[in-house]
file query.cif (mmCIF, C-alpha atoms)
data_target
loop_
_atom_site.label_atom_id
_atom_site.label_comp_id
_atom_site.auth_asym_id
_atom_site.auth_seq_id
_atom_site.Cartn_x
_atom_site.Cartn_y
_atom_site.Cartn_z
CA MET A 425 92.42 -52.96 125.94
CA LEU A 426 90.39 -50.34 127.79
CA ASN A 427 89.78 -50.97 131.49
CA LEU A 428 86.37 -49.80 132.72
CA CYS A 429 85.45 -49.27 136.35
CA VAL A 430 82.94 -51.91 137.46
CA GLN A 431 81.15 -49.30 139.60
CA CYS A 432 80.86 -46.17 137.41
CA HIS A 433 81.74 -47.74 134.03
CA GLU A 434 84.22 -44.95 133.22
CA PRO A 435 87.70 -45.68 131.82
CA ILE A 436 90.52 -46.15 134.30
CA GLY A 437 93.70 -44.39 133.27
CA VAL A 438 97.07 -46.12 133.37
CA ARG A 439 98.35 -43.77 136.08
CA GLU A 440 95.13 -43.71 138.08
CA ARG A 441 95.17 -45.83 141.21
CA SER A 442 92.46 -48.45 141.41
CA ASP A 443 91.38 -51.40 143.50
CA GLU A 444 89.75 -54.70 142.65
CA GLY A 445 85.98 -54.42 142.62
CA PRO A 446 83.24 -57.02 142.97
CA GLY A 447 84.09 -60.05 140.89
CA GLY A 448 87.74 -59.01 140.64
CA GLY A 449 87.25 -56.26 138.04
CA PRO A 450 89.01 -52.88 138.27
CA ILE A 451 87.36 -50.09 140.25
CA HIS A 452 88.34 -46.45 140.82
CA ARG A 453 89.56 -45.71 144.32
CA ARG A 454 87.08 -42.80 144.42
CA CYS A 455 84.25 -45.25 143.79
CA THR A 456 85.19 -47.27 146.88
CA GLU A 457 85.54 -44.34 149.33
CA PRO A 458 81.88 -44.16 150.52
CA ALA A 459 81.85 -47.89 151.23
CA ARG A 460 85.19 -47.67 153.06
CA ALA A 461 83.90 -44.82 155.25
CA ALA A 462 80.71 -46.75 156.09
CA GLU A 463 82.78 -49.83 156.89
CA ALA A 464 84.96 -47.80 159.27
CA VAL A 465 81.84 -46.56 161.11
CA GLU A 466 80.51 -50.12 161.31
CA ARG A 467 83.80 -51.43 162.71
CA ALA A 468 83.96 -48.66 165.32
CA ALA A 469 80.39 -49.43 166.44
CA TRP A 470 81.20 -53.16 166.62
CA ARG A 471 84.32 -52.49 168.71
CA ALA A 472 82.35 -50.25 171.07
CA TYR A 473 79.70 -52.96 171.50
CA LEU A 474 82.27 -55.71 172.13
CA SER A 475 84.23 -53.53 174.56
CA HIS A 476 81.08 -52.84 176.56
CA VAL A 477 79.89 -56.46 176.56
CA GLY A 478 83.32 -57.65 177.67
CA THR A 479 83.47 -55.33 180.68
CA CYS A 480 79.83 -54.98 181.80
CA ASP A 481 78.65 -57.21 184.64
CA ASP A 482 75.04 -56.95 183.42
CA CYS A 483 76.02 -58.09 179.91
CA LEU A 484 78.06 -61.13 180.92
CA PRO A 485 75.11 -63.48 181.49
CA GLU A 486 72.93 -61.98 178.72
CA PRO A 487 73.77 -58.83 176.67
CA ILE A 488 70.10 -58.18 175.89
CA GLY A 489 69.34 -57.33 179.54
CA CYS A 490 71.62 -54.28 179.72
CA PRO A 491 70.22 -50.94 178.40
CA GLU A 492 73.67 -49.71 177.33
CA GLY A 493 74.39 -53.01 175.60
CA LYS A 494 71.06 -52.75 173.76
CA ARG A 495 71.84 -49.19 172.65
CA LEU A 496 75.31 -50.11 171.40
CA ARG A 497 73.96 -53.15 169.58
CA ARG A 498 71.30 -51.01 167.86
CA GLU A 499 74.01 -48.54 166.79
CA TRP A 500 76.13 -51.35 165.38
CA LYS A 501 73.18 -52.89 163.50
CA ALA A 502 72.26 -49.48 162.03
CA ALA A 503 75.87 -48.96 160.89
CA ASP A 504 75.87 -52.46 159.39
CA ARG A 505 72.68 -51.75 157.43
CA ALA A 506 74.07 -48.41 156.21
CA HIS A 507 77.29 -50.08 155.06
CA PHE A 508 75.49 -52.72 153.04
CA ALA A 509 73.04 -50.17 151.62
CA ILE A 510 76.01 -48.28 150.17
CA LEU A 511 77.46 -51.50 148.75
CA GLU A 512 74.17 -52.36 147.07
CA GLN A 513 73.66 -48.94 145.43
CA PRO A 514 73.64 -49.03 141.64
CA ALA A 515 76.47 -47.40 139.74
CA PRO A 516 76.03 -43.64 139.14
#

call {"tool": "encode", "arguments": {"input": "query.cif", "output": "structure tokens"}}
result
Amino acid sequence: MLNLCVQCHEPIGVRERSDEGPGGGPIHRRCTEPARAAEAVERAAWRAYLSHVGTCDDCLPEPIGCPEGKRLRREWKAADRAHFAILEQPAP
């Protein structure tokens, strides 16, 4: 039986490393790299936001009132949108 990548619909060789894609089907590792990179950026932005909120006296009562907290939250939300935009792209 021929295994096809759920992302690019190309055959996956026996020796080629692959992951499980959406729905549990096989997917080439190369097809998951852009999403993994975007997820790493999102996680870094989230950690930066949480680190700031946890140590900033202005953020403790309400994070929205601090300009730095607002900036970091905007960066995290932008990274989150970029990550999910990559995940929702159609197969090449």

call {"tool": "residues_around", "arguments": {"input": "query.cif", "residues": "Arg498 of chain A", "least_positions_apart": "3", "cutoff": "12 Å", "atoms": "only C-alpha atoms", "output": "ChimeraX atom specification"}}
result
/A:466,469-470,472-473,488,491-495,501-505

call {"tool": "write_last_selection", "arguments": {"input": "query.cif", "atoms": "C-alpha atoms", "output": "mmCIF file, in the coordinates of the input"}}
result
data_model
loop_
_atom_site.group_PDB
_atom_site.id
_atom_site.type_symbol
_atom_site.label_atom_id
_atom_site.label_comp_id
_atom_site.auth_asym_id
_atom_site.auth_seq_id
_atom_site.Cartn_x
_atom_site.Cartn_y
_atom_site.Cartn_z
ATOM 1 C CA GLU A 466 80.510 -50.120 161.310
ATOM 2 C CA ALA A 469 80.390 -49.430 166.440
ATOM 3 C CA TRP A 470 81.200 -53.160 166.620
ATOM 4 C CA ALA A 472 82.350 -50.250 171.070
ATOM 5 C CA TYR A 473 79.700 -52.960 171.500
ATOM 6 C CA ILE A 488 70.100 -58.180 175.890
ATOM 7 C CA PRO A 491 70.220 -50.940 178.400
ATOM 8 C CA GLU A 492 73.670 -49.710 177.330
ATOM 9 C CA GLY A 493 74.390 -53.010 175.600
ATOM 10 C CA LYS A 494 71.060 -52.750 173.760
ATOM 11 C CA ARG A 495 71.840 -49.190 172.650
ATOM 12 C CA LYS A 501 73.180 -52.890 163.500
ATOM 13 C CA ALA A 502 72.260 -49.480 162.030
ATOM 14 C CA ALA A 503 75.870 -48.960 160.890
ATOM 15 C CA ASP A 504 75.870 -52.460 159.390
ATOM 16 C CA ARG A 505 72.680 -51.750 157.430
#

call {"tool": "closest_residue", "arguments": {"input": "query.cif", "among": "A:Pro435, A:Trp500, A:His507, A:His452", "to": "Arg471 of chain A", "atoms": "all atoms listed in the file"}}
result
A:Trp500

call {"tool": "closest_residue", "arguments": {"input": "query.cif", "among": "A:Leu428, A:Ile451, A:Cys483, A:Ala459", "to": "Glu512 of chain A", "atoms": "all atoms listed in the file"}}
result
A:Ala459

call {"tool": "resolve_selection", "arguments": {"input": "query.cif", "expression": "the PyMOL selection byres ((chain A and resi 462) around 10)", "output": "list in words"}}
result
Glu457, Pro458, Ala459, Arg460, Ala461, Glu463, Ala464, Val465, Glu466, Arg467, Ala468, Ala503, Asp504, Arg505, Ala506, His507, Phe508, Ala509, Ile510 and Leu511 of chain A

call {"tool": "atom_distance", "arguments": {"input": "query.cif", "atom1": "atom CA of Cys429 of chain A", "atom2": "atom CA of Pro450 of chain A"}}
result
5.4 Å

call {"tool": "atom_distance", "arguments": {"input": "query.cif", "atom1": "atom CA of Glu499 of chain A", "atom2": "atom CA of Thr456 of chain A"}}
result
22.9 Å

call {"tool": "atom_distance", "arguments": {"input": "query.cif", "atom1": "atom CA of Ser475 of chain A", "atom2": "atom CA of Gly489 of chain A"}}
result
16.2 Å

call {"tool": "closest_residue", "arguments": {"input": "query.cif", "among": "A:Val430, A:Cys455, A:Cys490, A:Ile436", "to": "Val477 of chain A", "atoms": "all atoms listed in the file"}}
result
A:Cys490

call {"tool": "axis_aligned_box", "arguments": {"input": "query.cif", "around": "segment 434-437 of chain A", "padding_each_side": "3 Å", "output": "lines of an AutoDock Vina configuration file"}}
result
center_x = 89.0
center_y = -45.3
center_z = 133.1
size_x = 15.5
size_y = 7.8
size_z = 8.5

call {"tool": "decode", "arguments": {"input": "query.cif", "residues": "segment 487-507 of chain A", "atoms": "N, CA, C and O atoms", "output": "PDB file, in the first residue's frame"}}
result
ATOM      1  N   PRO A 487      -3.219  43.750  33.169  1.00  0.00           N
ATOM      2  CA  PRO A 487      -2.181  43.791  32.142  1.00  0.00           C
ATOM      3  C   PRO A 487      -2.451  44.791  31.017  1.00  0.00           C
ATOM      4  O   PRO A 487      -1.531  45.251  30.376  1.00  0.00           O
ATOM      5  N   ILE A 488      -3.699  45.153  30.805  1.00  0.00           N
ATOM      6  CA  ILE A 488      -4.041  46.062  29.708  1.00  0.00           C
ATOM      7  C   ILE A 488      -3.517  47.477  29.965  1.00  0.00           C
ATOM      8  O   ILE A 488      -3.279  48.228  29.051  1.00  0.00           O
ATOM      9  N   GLY A 489      -3.293  47.851  31.225  1.00  0.00           N
ATOM     10  CA  GLY A 489      -2.875  49.207  31.549  1.00  0.00           C
ATOM     11  C   GLY A 489      -1.404  49.493  31.306  1.00  0.00           C
ATOM     12  O   GLY A 489      -0.992  50.646  31.302  1.00  0.00           O
ATOM     13  N   CYS A 490      -0.591  48.506  31.089  1.00  0.00           N
ATOM     14  CA  CYS A 490       0.849  48.686  30.912  1.00  0.00           C
ATOM     15  C   CYS A 490       1.193  48.735  29.423  1.00  0.00           C
ATOM     16  O   CYS A 490       0.847  47.817  28.676  1.00  0.00           O
ATOM     17  N   PRO A 491       1.896  49.781  28.949  1.00  0.00           N
ATOM     18  CA  PRO A 491       2.245  49.864  27.526  1.00  0.00           C
ATOM     19  C   PRO A 491       3.114  48.690  27.055  1.00  0.00           C
ATOM     20  O   PRO A 491       2.911  48.168  25.963  1.00  0.00           O
ATOM     21  N   GLU A 492       4.065  48.282  27.864  1.00  0.00           N
ATOM     22  CA  GLU A 492       4.932  47.154  27.488  1.00  0.00           C
ATOM     23  C   GLU A 492       4.130  45.857  27.439  1.00  0.00           C
ATOM     24  O   GLU A 492       4.305  45.037  26.541  1.00  0.00           O
ATOM     25  N   GLY A 493       3.233  45.669  28.390  1.00  0.00           N
ATOM     26  CA  GLY A 493       2.367  44.504  28.380  1.00  0.00           C
ATOM     27  C   GLY A 493       1.475  44.471  27.143  1.00  0.00           C
ATOM     28  O   GLY A 493       1.272  43.419  26.539  1.00  0.00           O
ATOM     29  N   LYS A 494       0.965  45.633  26.744  1.00  0.00           N
ATOM     30  CA  LYS A 494       0.138  45.723  25.536  1.00  0.00           C
ATOM     31  C   LYS A 494       0.947  45.343  24.298  1.00  0.00           C
ATOM     32  O   LYS A 494       0.476  44.604  23.441  1.00  0.00           O
ATOM     33  N   ARG A 495       2.184  45.867  24.224  1.00  0.00           N
ATOM     34  CA  ARG A 495       3.044  45.581  23.073  1.00  0.00           C
ATOM     35  C   ARG A 495       3.354  44.093  22.976  1.00  0.00           C
ATOM     36  O   ARG A 495       3.240  43.482  21.910  1.00  0.00           O
ATOM     37  N   LEU A 496       3.711  43.489  24.107  1.00  0.00           N
ATOM     38  CA  LEU A 496       4.042  42.067  24.118  1.00  0.00           C
ATOM     39  C   LEU A 496       2.817  41.209  23.790  1.00  0.00           C
ATOM     40  O   LEU A 496       2.934  40.198  23.102  1.00  0.00           O
ATOM     41  N   ARG A 497       1.660  41.639  24.255  1.00  0.00           N
ATOM     42  CA  ARG A 497       0.438  40.888  23.945  1.00  0.00           C
ATOM     43  C   ARG A 497       0.112  40.979  22.463  1.00  0.00           C
ATOM     44  O   ARG A 497      -0.280  39.997  21.838  1.00  0.00           O
ATOM     45  N   ARG A 498       0.297  42.159  21.857  1.00  0.00           N
ATOM     46  CA  ARG A 498       0.078  42.308  20.416  1.00  0.00           C
ATOM     47  C   ARG A 498       1.030  41.421  19.620  1.00  0.00           C
ATOM     48  O   ARG A 498       0.635  40.797  18.630  1.00  0.00           O
ATOM     49  N   GLU A 499       2.303  41.357  20.056  1.00  0.00           N
ATOM     50  CA  GLU A 499       3.279  40.503  19.378  1.00  0.00           C
ATOM     51  C   GLU A 499       2.869  39.034  19.471  1.00  0.00           C
ATOM     52  O   GLU A 499       2.978  38.287  18.497  1.00  0.00           O
ATOM     53  N   TRP A 500       2.413  38.627  20.646  1.00  0.00           N
ATOM     54  CA  TRP A 500       1.994  37.238  20.809  1.00  0.00           C
ATOM     55  C   TRP A 500       0.785  36.934  19.932  1.00  0.00           C
ATOM     56  O   TRP A 500       0.726  35.897  19.269  1.00  0.00           O
ATOM     57  N   LYS A 501      -0.213  37.834  19.909  1.00  0.00           N
ATOM     58  CA  LYS A 501      -1.409  37.609  19.095  1.00  0.00           C
ATOM     59  C   LYS A 501      -1.058  37.565  17.597  1.00  0.00           C
ATOM     60  O   LYS A 501      -1.614  36.759  16.852  1.00  0.00           O
ATOM     61  N   ALA A 502      -0.126  38.405  17.155  1.00  0.00           N
ATOM     62  CA  ALA A 502       0.297  38.379  15.754  1.00  0.00           C
ATOM     63  C   ALA A 502       0.986  37.049  15.426  1.00  0.00           C
ATOM     64  O   ALA A 502       0.752  36.459  14.366  1.00  0.00           O
ATOM     65  N   ALA A 503       1.836  36.576  16.334  1.00  0.00           N
ATOM     66  CA  ALA A 503       2.508  35.290  16.129  1.00  0.00           C
ATOM     67  C   ALA A 503       1.493  34.149  16.120  1.00  0.00           C
ATOM     68  O   ALA A 503       1.607  33.204  15.341  1.00  0.00           O
ATOM     69  N   ASP A 504       0.479  34.242  16.956  1.00  0.00           N
ATOM     70  CA  ASP A 504      -0.574  33.225  17.005  1.00  0.00           C
ATOM     71  C   ASP A 504      -1.343  33.190  15.682  1.00  0.00           C
ATOM     72  O   ASP A 504      -1.593  32.128  15.126  1.00  0.00           O
ATOM     73  N   ARG A 505      -1.694  34.360  15.163  1.00  0.00           N
ATOM     74  CA  ARG A 505      -2.409  34.417  13.883  1.00  0.00           C
ATOM     75  C   ARG A 505      -1.549  33.868  12.750  1.00  0.00           C
ATOM     76  O   ARG A 505      -2.035  33.134  11.883  1.00  0.00           O
ATOM     77  N   ALA A 506      -0.251  34.201  12.751  1.00  0.00           N
ATOM     78  CA  ALA A 506       0.656  33.705  11.709  1.00  0.00           C
ATOM     79  C   ALA A 506       0.781  32.187  11.774  1.00  0.00           C
ATOM     80  O   ALA A 506       0.797  31.509  10.736  1.00  0.00           O
ATOM     81  N   HIS A 507       0.854  31.645  12.977  1.00  0.00           N
ATOM     82  CA  HIS A 507       0.959  30.191  13.140  1.00  0.00           C
ATOM     83  C   HIS A 507      -0.267  29.501  12.555  1.00  0.00           C
ATOM     84  O   HIS A 507      -0.153  28.548  11.779  1.00  0.00           O
TER      85      HIS A 507
END
